[in-house]
Every structure is written in C-alpha cells, then in structure tokens.
Amino acid sequence: MKIFYILLSLLLFTSCTFEPDGLNYVEIEKPADTHPMEVTLSIDRDSIYIYRSTNFSYKINSNGKKLNAAVVKYLDNEIIMTANAENFSFYIDKPNTDNTNKWFDLTIDFYVSTGSGSIADVVKMENYLMSKTWKIQFVDLQNAKLKTGHKIHPDGYLEVYIIKPSYLEGKFTCDNFGIPIPHSRNSGDTLFFADKSYVYGTERYQMTFKFDDNQNYNWYNWSFTVNYPEIEFKAEAYGPDSCKVSWGNSPFKLYYNLNNNLYSGFDKAYIVPIMVNEKKSFNLKINSPNYVNETYSREYKTTEFIQGTQTYYNMCYSVDKDIFFISSNESLPYISSSGIPIPKSENNAQYNSKVNIYCSPNGKYIAGHSYLNIYIYNENLTLAKKIPDIGLDYNYRPYFAVTNDGAFTYQHRNTLHLRNVSERTDWESFSFKTDLDSLYTNIYLSVIANSIDGKYICVRGLNGLKIYDVSDHQTARVAYTHPDKGVNSFVAHPTDPGLIYAVVNGELQLRTCPGFELVKNIDIELADYKIYTIDPYSRILMMWKNDDLYFYDPDTGQKLLQLKSNQLWRQQALLVRNHLKMANNTIDLTQYLQK
C-alpha cells in the first residue's frame with residue numbers, strides 16, 4: 001500500500017505543469033575584474049642565473065580562490081600544470097648552444113577560479129588570469145672566464161684570488177697540485193687564498209667551485225699559473241779582501257741561511273772576508289714566508305768565489321817596455337805578449353801552460369822553464385834555443401831571475417846556476433856553491449837577489465850574508481861579507497843596480513850594492529816581517545808576516561794595504577804593475593796602492 005502511494009505521487013508530479021517562474025534561476029553577482037594573488041618562486045629574484053638543468057618550484061597564494069591551471073613558457077617550451085594544487089615544480093633543461101650565456105624569458109600564466117558559481121566558472125572558462133615573467137640566463141661555468149690572478153700581500157707572501165660573480169651560490173676552494181691552499185680573506189666579491197710556501201718559479205693553481213646543494217658531482221675548475229723569477233745567487237768582489245754574497249731582490253719576505261748559519265735572516269746580501277788566492281764555496285738555503293713552520297728549506301743554491309781574474313797561465317813583466325809576457329800553451333813552449341788589462345782565461349784548458357817564464361827588466365831577454373828544460377826566446381817572441389836537463393829542486397819556492405845582460409839565474413839547493421840567454425859567445429853557463437848552508441839545505445824565501453845588470457848576486461844563508469861579484473860569469477868573487485844573522489831578507493832595487501832593500505835587525509833599510517852601506521832607514525810600523533818582492537813599476541814593497549801581505553811605500557814608509565793569505569811561503573807570488581799574481585788568479589790592486 002505504501003508503494004502505491006509513492007508511485008502515485010510520482011505520476012502526479014510528472015503530470016503537473018511546471019512554470020519557470022524563477023524557482024530554478026538565481027541571479028549571480030558579476031565577479032570583480034581582479035583578484036589579489038601572490039606568487040613565490042624558489043629563487044626569489046627577477047633575474048635568475050642557472051648553470052645546469054635546474055628544478056624550479058613556485059607557490060601561489062590565491063587568497064581563497066581555487067587554482068585552475070598554470071602554464072610555464074620559456075624559449076620554445078610550454079609546460080601546462082593542471083593539478084589542483086597551489087605548489088608546483090618544473091625543470092628547465094640546459095638550453096642549446098645558441099642560447100648559452102644569453103638572457104631569455106620565463107613566463108608563468110596562472111588561471112584561478114572566480115568562484116562566482118556560474119556555468120562558465122564551473123567549466124573553468126571564467127578565470128582570474130595572473131602572468132609573471134622572470135629573466136633567465138644559463139651560464140656555462142665550465143667555459144666561463146672568471147677573473148683570477150695573484151698579488152703579494154704586504155706581509156710578503158703570495159696570494160691568489162678569484163672574483164666571485166654575485167650570482168654564484170656555492171663554495172670556492174684552491175689547490176696547488178692537490179695541496180690545499182687556505183682561504184685567507186675576502187675583499188668585496190674577491191676571494192683570496194694565501195700560499196705562504198711559495199718562493200719563486202712556476203706553480204699552477206686550480207680554483208674549484210662547488211654548488212652548495214650537496215651534489216658532489218657539480219664541480220667547475222679554473223686553472224692559472226704563477227711564475228716569479230728565480231733568485232740569482234752570486235758572489236762578487238767587495239774590496240780586495242772580501243766578497244759580497246747576494247741573492248737577488250725577491251718581492252717575497254723570504255728567510256735565508258748562508259753556509260749553515262754563517263748568516264741567517266731576511267737580508268739580501270752578506271759580506272764575507274776572503275784570503276788571497278782562496279776559493280770559497282757558498283750554499284744558500286731559501287725558506288718561504290712560512291719558514292717558522294717549515295722543517296726543510298724550499299730551495300738550495302750554490303756558488304763559488306775566488307778573488308781576482310782567473311788567469312790560468314804564467315807571466316812576467318818588463319818595466320822598460322811596460323809589457324807582460326804570457327805563456328799560453330800547455331805542450332808547446334811559446335809565449336805571447338799582452339798589455340793592460342791582463343786577459344782573463346775562462347778555463348784552464350785555454351792557458352794551462354807548464355812553461356814558467358821570466359824576462360829581463362829591459363824586456364830584451366826572455367826565458368822559461370818547464371820541468372827540467374830551459375827555453376830561450378828572442379825579442380820577437382820566437383824560440384831561440386832549448387837547454388835540456390838543468391836539474392831543479394822545487395821544494396819551497398825556487399828562485400829565478402833574468403838580468404839585463406842575459407844571465408838566467410836559478411837555484412838548486414845550495415848551488416846557484418847562471419845560464420847565458422844572450423847573444424854573447426864568451427860564456428855559456430856558470431855555477432857556484434854559496435857555502436852558507438849545508439849541502440841539502442835550501443836557501444829560503446827572499447834571500448837571493450840579482451842586481452838588474454847581472455853583476456852581483458846577494459845571498460843570505462844560515463851562516464850569514466854574502467854579496468858575490470859574478471860580472472865575468474866565470475867566477476863568484478865575494479865582494480861583501482856580513483856574518484851577522486840579523487839580515488832577515490832583502491830584494492834588489494828594480495831600476496837601480498847599485499841599490500838593495502834589506503831588513504836588518506828588524507828595520508827596513510835602503511843600502512848600496514855591493515858595499516851594503518846604509519843609505520837610509522825607512523820607518524814602518526810592521527815588526528818581525530820579511531820582504532817578499534817589489535813591484536818594478538810602482539816600486540811598492542810587498543812584505544810578508546804570518547801569511548799576511550803588507551804593501552808599503554818605501555819612500556814614505558806608509559802602509560797602503562794589508563791582505564790575508566794562506567801558505568804564502570809555498571807560492572810564487574808576483575807584484576807587477578800593481579797586479580798581484582798568485583797561482584791561477586790575478587788581482588788588480590791599482591786603486592788600493594795609491595801613494
């Protein structure tokens with residue numbers, strides 16, 4: 001019965017006439033022209049830099065209205081977001097090469113329901129539209145030419161830097177072949193890294209950028225080279241008795257150690273005393289500005305020094321001709337002549353002569369000896385004759401001299417030999433014993449002297465002093481005897497055959513030859529000394545005491561110079577034309593021997 005009534009009611013209802021008198025029509029208020037909305041992009045900038053395929057997210061606050069759709073547009077791409085949500089994300093892929101490092105637009109159109117309830121609103125045809133555009137640039141960091149460089153910090157160490165673009169979000173690091181270089185400071189957009197271990201030379205540094213997004217594979221590198229000149233390490237003369245060791249002018253605050261603490265510090269040079277004919281080796285340890293924290297030096301350099309000009313040859317000097325004669329060959333006994341300056345020989349192969357040469361003061365007679373042979377040369381420097389097997393003892397310093405009359409005198413133990421090197425034919429050779437020493441005792445340093453004319457030979461031995469007249473070159477007649485051993489040493493006057501300088505009882509005197517009469521006393525401050533030689537050009541006396549050399553003006557007694565030497569008694573030293581020749585080097589003392 002209940003079912004019936006329901007069916008009846010339905011039939012009645014369907015049969016009734018419905019009049020649309022507004023019961024199914026609702027007057028809808030027209031929506032506003034605009035509606036407030038807010039859009040937030042994950043990178044909150046109007047201009048955005050990206051470096052790889054990048055995920056963007058955005059959030060829209062539609063203030064109570066429903067979001068219908070969002071359309072993302074950039075370059076030739078269009079992405080439609082239809083999800084009914086207020087949070088979206090999308091990717092922008094790396095653009096093609098043509099669009100790299102160029103600006104392009106990223107535009108998002110947002111469609112939000114008006115909420116009017118109209119059929120258009122229901123079918124999403126009635127929307128509030130919001131459009132937002134950002135400028136996007138893809139930066140190819142792998143090929144980006146970021147500005148890098150280097151400078152010297154005021155504290156004296158190397159700083160390398162990179163100028164960081166404002167758009168980069170991440171971290172820069174620096175290394176030198178895998179060794180980290182610490183970040184030291186920032187100055188504006190410039191990042192500095194301090195390498196306090198650098199001293200000089202070529203080093204390669206690598207700047208690395210890592211995104212601050214925990215993606216370890218996103219690395220970009222920039223490499224550059226630093227190359228400051230190598231430090232020059234040298235030793236040069238600094239006066240006649242010292243040398244200056246210097247090691248350049250580095251822009252860095254380096255710490256130096258010379259010869260294991262002979263000097264250590266920050267200076268660029270050091271003055272080292274040096275003896276005559278002494279070859280000195282120097283080593284320099286170079287430490288970086290970080291020397292306090294370093295166990296080992298960064299660099300190590302060596303050099304050598306010997307005072308004077310390298311002269312690997314023997315020489316003699318003619319005061320009358322003002323010319324040097326130089327032996328210039330190792331195997332052939334020939335000579336060449338040279339004036340001032342004395343030539344330098346770069347190595348001992350150029351002038352490694354075994355020929356010791358001597359000339360007369362007038363330059364007319366030139367003789368040399370090599371081993372047991374005497375070589376005699378003409379004035380035109382050609383070999384005139386050879387005298388073999390002379391017999392010679394090289395213990396201590398042997399005596400040789402050539403006189404103006406062509407007598408070549410040399411010593412062999414206690415015997416003196418004279419050989420004729422002139423054109424004369426009345427004599428060839430002559431020898432005599434001094435009878436002042438035993439058979440095997442040598443006559444020591446500066447105790448033999450020929451007068452320059454060849455007429456007299458003065459000899460001091462253990463048993464006194466004698467002056468021999470050998471003018472006939474046949475016999476040795478005693479012209480003067482002095483039994484007192486107080487005559488220490490002497491040297492013949494270089495230009496006057498009638499005079500001789502002698503040290504008698506500790507006093508320097510000028511005496512006659514052969515009478516040995518006192519001409520004058522020369523007052524000098526030196527005590528207990530010997531005369532070594534006299535310069536025939538400047539007539540400066542070179543004295544010897546305890547291996548030191550003293551240079552005196554015999555006319556005034558003024559000391560002009562003092563030099564330290566070593567084992568001088570073993571060496572054949574010459575002082576000629578203010579040049580000191582010892583072994584393989586010659587020192588020009590002209591500026592120091594001004595009377």
# chains A, B, ... in the order shown; residues from 1 in each chain; ligands from 1
$ select_by_dssp --residues "range 328-504 of chain A" --states "strand (DSSP E)" --output "PyMOL selection string"
chain A and resi 335-338+356-359+366-370+373-377+383-387+400-402+407-412+415-420+429-433+448-450+456-461+464-469+477-482+487-492+499-504
$ residues_around --residues "range 224-235 of chain A" --least-positions-apart "5" --cutoff "6 Å" --atoms "only C-alpha atoms" --output "list in words"
Tyr200, Gly201, Thr202, Glu203, Arg204, Tyr205, Lys244, Val245, Ser246, Trp247, Gly248 and Phe305 of chain A
$ write_last_selection --atoms "N, CA and C atoms" --output "tab-separated table (two decimals), in the first residue's frame"
chain	number	residue	atom	x	y	z
A	200	TYR	N	109.53	31.09	-5.51
A	200	TYR	CA	109.69	31.58	-6.88
A	200	TYR	C	109.44	30.42	-7.83
A	201	GLY	N	109.49	30.73	-9.13
A	201	GLY	CA	109.34	29.68	-10.14
A	201	GLY	C	107.90	29.48	-10.56
A	202	THR	N	107.68	28.51	-11.40
A	202	THR	CA	106.36	28.25	-11.99
A	202	THR	C	105.55	27.30	-11.11
A	203	GLU	N	104.39	27.77	-10.71
A	203	GLU	CA	103.44	26.94	-9.97
A	203	GLU	C	102.06	27.10	-10.59
A	204	ARG	N	101.32	26.02	-10.64
A	204	ARG	CA	99.99	26.03	-11.24
A	204	ARG	C	98.94	25.87	-10.13
A	205	TYR	N	97.97	26.78	-10.14
A	205	TYR	CA	96.92	26.77	-9.13
A	205	TYR	C	95.57	26.47	-9.80
A	244	LYS	N	131.16	39.95	-1.63
A	244	LYS	CA	129.76	40.18	-1.30
A	244	LYS	C	128.95	39.05	-1.89
A	245	VAL	N	128.30	38.30	-1.02
A	245	VAL	CA	127.42	37.22	-1.46
A	245	VAL	C	126.00	37.77	-1.44
A	246	SER	N	125.32	37.73	-2.57
A	246	SER	CA	123.98	38.29	-2.65
A	246	SER	C	123.04	37.31	-3.32
A	247	TRP	N	121.77	37.47	-3.03
A	247	TRP	CA	120.78	36.53	-3.54
A	247	TRP	C	119.54	37.26	-4.04
A	248	GLY	N	119.79	38.26	-4.87
A	248	GLY	CA	118.70	38.89	-5.59
A	248	GLY	C	117.81	39.73	-4.71
A	305	PHE	N	133.63	31.45	-5.26
A	305	PHE	CA	134.28	32.73	-5.49
A	305	PHE	C	135.77	32.61	-5.20
$ residues_around --residues "Trp222 in chain A" --least-positions-apart "6" --cutoff "9 Å" --atoms "only C-alpha atoms" --output "list in words"
Gln142, Asn143, Ala144, Lys145, Leu146, Thr148, Tyr205, Gln206, Met207, Thr208 and Phe209 of chain A
$ write_last_selection --atoms "C-alpha atoms" --output "PDB file, in the first residue's frame"
ATOM      1  CA  GLN A 142      82.864  25.056 -17.404  1.00  0.00           C
ATOM      2  CA  ASN A 143      83.868  27.622 -20.001  1.00  0.00           C
ATOM      3  CA  ALA A 144      83.256  30.784 -18.022  1.00  0.00           C
ATOM      4  CA  LYS A 145      86.256  33.090 -17.953  1.00  0.00           C
ATOM      5  CA  LEU A 146      86.148  34.199 -14.361  1.00  0.00           C
ATOM      6  CA  THR A 148      91.712  35.042 -11.473  1.00  0.00           C
ATOM      7  CA  TYR A 205      96.919  26.766  -9.128  1.00  0.00           C
ATOM      8  CA  GLN A 206      93.378  25.458  -9.560  1.00  0.00           C
ATOM      9  CA  MET A 207      90.256  27.223  -8.366  1.00  0.00           C
ATOM     10  CA  THR A 208      87.286  24.900  -7.858  1.00  0.00           C
ATOM     11  CA  PHE A 209      83.637  25.864  -7.440  1.00  0.00           C
TER      12      PHE A 209
END
$ atom_distance --atom1 "CA of His482 in chain A" --atom2 "CA of Leu465 in chain A"
4.9 Å
$ residues_around --residues "Gln594 in chain A" --least-positions-apart "5" --cutoff "10 Å" --atoms "only C-alpha atoms" --output "list in words"
Ser538, Ile540, Asp553, Leu560, Leu561, Asn578 and Leu589 of chain A
$ write_last_selection --atoms "C-alpha atoms" --output "PDB file, in the first residue's frame"
ATOM      1  CA  SER A 538     155.314  51.254  -8.792  1.00  0.00           C
ATOM      2  CA  ILE A 540     155.875  49.263  -3.819  1.00  0.00           C
ATOM      3  CA  ASP A 553     155.608  52.765   0.008  1.00  0.00           C
ATOM      4  CA  LEU A 560     148.962  51.132   1.708  1.00  0.00           C
ATOM      5  CA  LEU A 561     147.180  47.801   2.118  1.00  0.00           C
ATOM      6  CA  ASN A 578     150.098  46.860  -9.119  1.00  0.00           C
ATOM      7  CA  LEU A 589     145.274  46.417  -6.695  1.00  0.00           C
TER       8      LEU A 589
END
$ closest_residue --among "A:Tyr198, A:Tyr377, A:Tyr74, A:Phe138" --to "Ser336 in chain A" --atoms "only C-alpha atoms"
A:Tyr377
$ residues_around --residues "Cys316 in chain A" --least-positions-apart "5" --cutoff "7 Å" --atoms "only C-alpha atoms" --output "list in words"
Phe324, Phe325, Ile326, Ile357, Tyr358 and Cys359 of chain A
$ closest_residue --among "A:Leu262, A:Ala583, A:Ile366, A:Val447" --to "Asn420 in chain A" --atoms "only C-alpha atoms"
A:Ile366
$ residues_around --residues "Phe88 in chain A" --least-positions-apart "3" --cutoff "7 Å" --atoms "only C-alpha atoms" --output "VMD selection string"
chain A and resid 57 to 59
$ write_last_selection --atoms "all heavy atoms" --output "PDB file, in the first residue's frame"
ATOM      1  N   SER A  57      60.544  25.544  -8.276  1.00  0.00           N
ATOM      2  CA  SER A  57      59.259  25.338  -7.604  1.00  0.00           C
ATOM      3  C   SER A  57      58.648  26.700  -7.315  1.00  0.00           C
ATOM      4  O   SER A  57      59.369  27.690  -7.146  1.00  0.00           O
ATOM      5  CB  SER A  57      59.438  24.544  -6.302  1.00  0.00           C
ATOM      6  OG  SER A  57      60.261  25.254  -5.408  1.00  0.00           O
ATOM      7  N   TYR A  58      57.333  26.738  -7.317  1.00  0.00           N
ATOM      8  CA  TYR A  58      56.676  28.000  -7.018  1.00  0.00           C
ATOM      9  C   TYR A  58      55.468  27.727  -6.133  1.00  0.00           C
ATOM     10  O   TYR A  58      54.927  26.617  -6.097  1.00  0.00           O
ATOM     11  CB  TYR A  58      56.272  28.748  -8.285  1.00  0.00           C
ATOM     12  CG  TYR A  58      55.234  28.061  -9.112  1.00  0.00           C
ATOM     13  CD1 TYR A  58      53.875  28.245  -8.847  1.00  0.00           C
ATOM     14  CD2 TYR A  58      55.601  27.237 -10.166  1.00  0.00           C
ATOM     15  CE1 TYR A  58      52.921  27.603  -9.607  1.00  0.00           C
ATOM     16  CE2 TYR A  58      54.652  26.586 -10.921  1.00  0.00           C
ATOM     17  CZ  TYR A  58      53.305  26.772 -10.644  1.00  0.00           C
ATOM     18  OH  TYR A  58      52.360  26.135 -11.384  1.00  0.00           O
ATOM     19  N   LYS A  59      55.035  28.734  -5.465  1.00  0.00           N
ATOM     20  CA  LYS A  59      53.849  28.650  -4.601  1.00  0.00           C
ATOM     21  C   LYS A  59      52.986  29.868  -4.894  1.00  0.00           C
ATOM     22  O   LYS A  59      53.488  30.983  -4.967  1.00  0.00           O
ATOM     23  CB  LYS A  59      54.268  28.619  -3.133  1.00  0.00           C
ATOM     24  CG  LYS A  59      53.080  28.525  -2.166  1.00  0.00           C
ATOM     25  CD  LYS A  59      53.572  28.439  -0.722  1.00  0.00           C
ATOM     26  CE  LYS A  59      52.384  28.297   0.223  1.00  0.00           C
ATOM     27  NZ  LYS A  59      52.832  28.218   1.641  1.00  0.00           N
TER      28      LYS A  59
END
$ closest_residue --among "A:Val421, A:Leu416, A:Val276, A:Leu508" --to "Glu379 in chain A" --atoms "only C-alpha atoms"
A:Val421
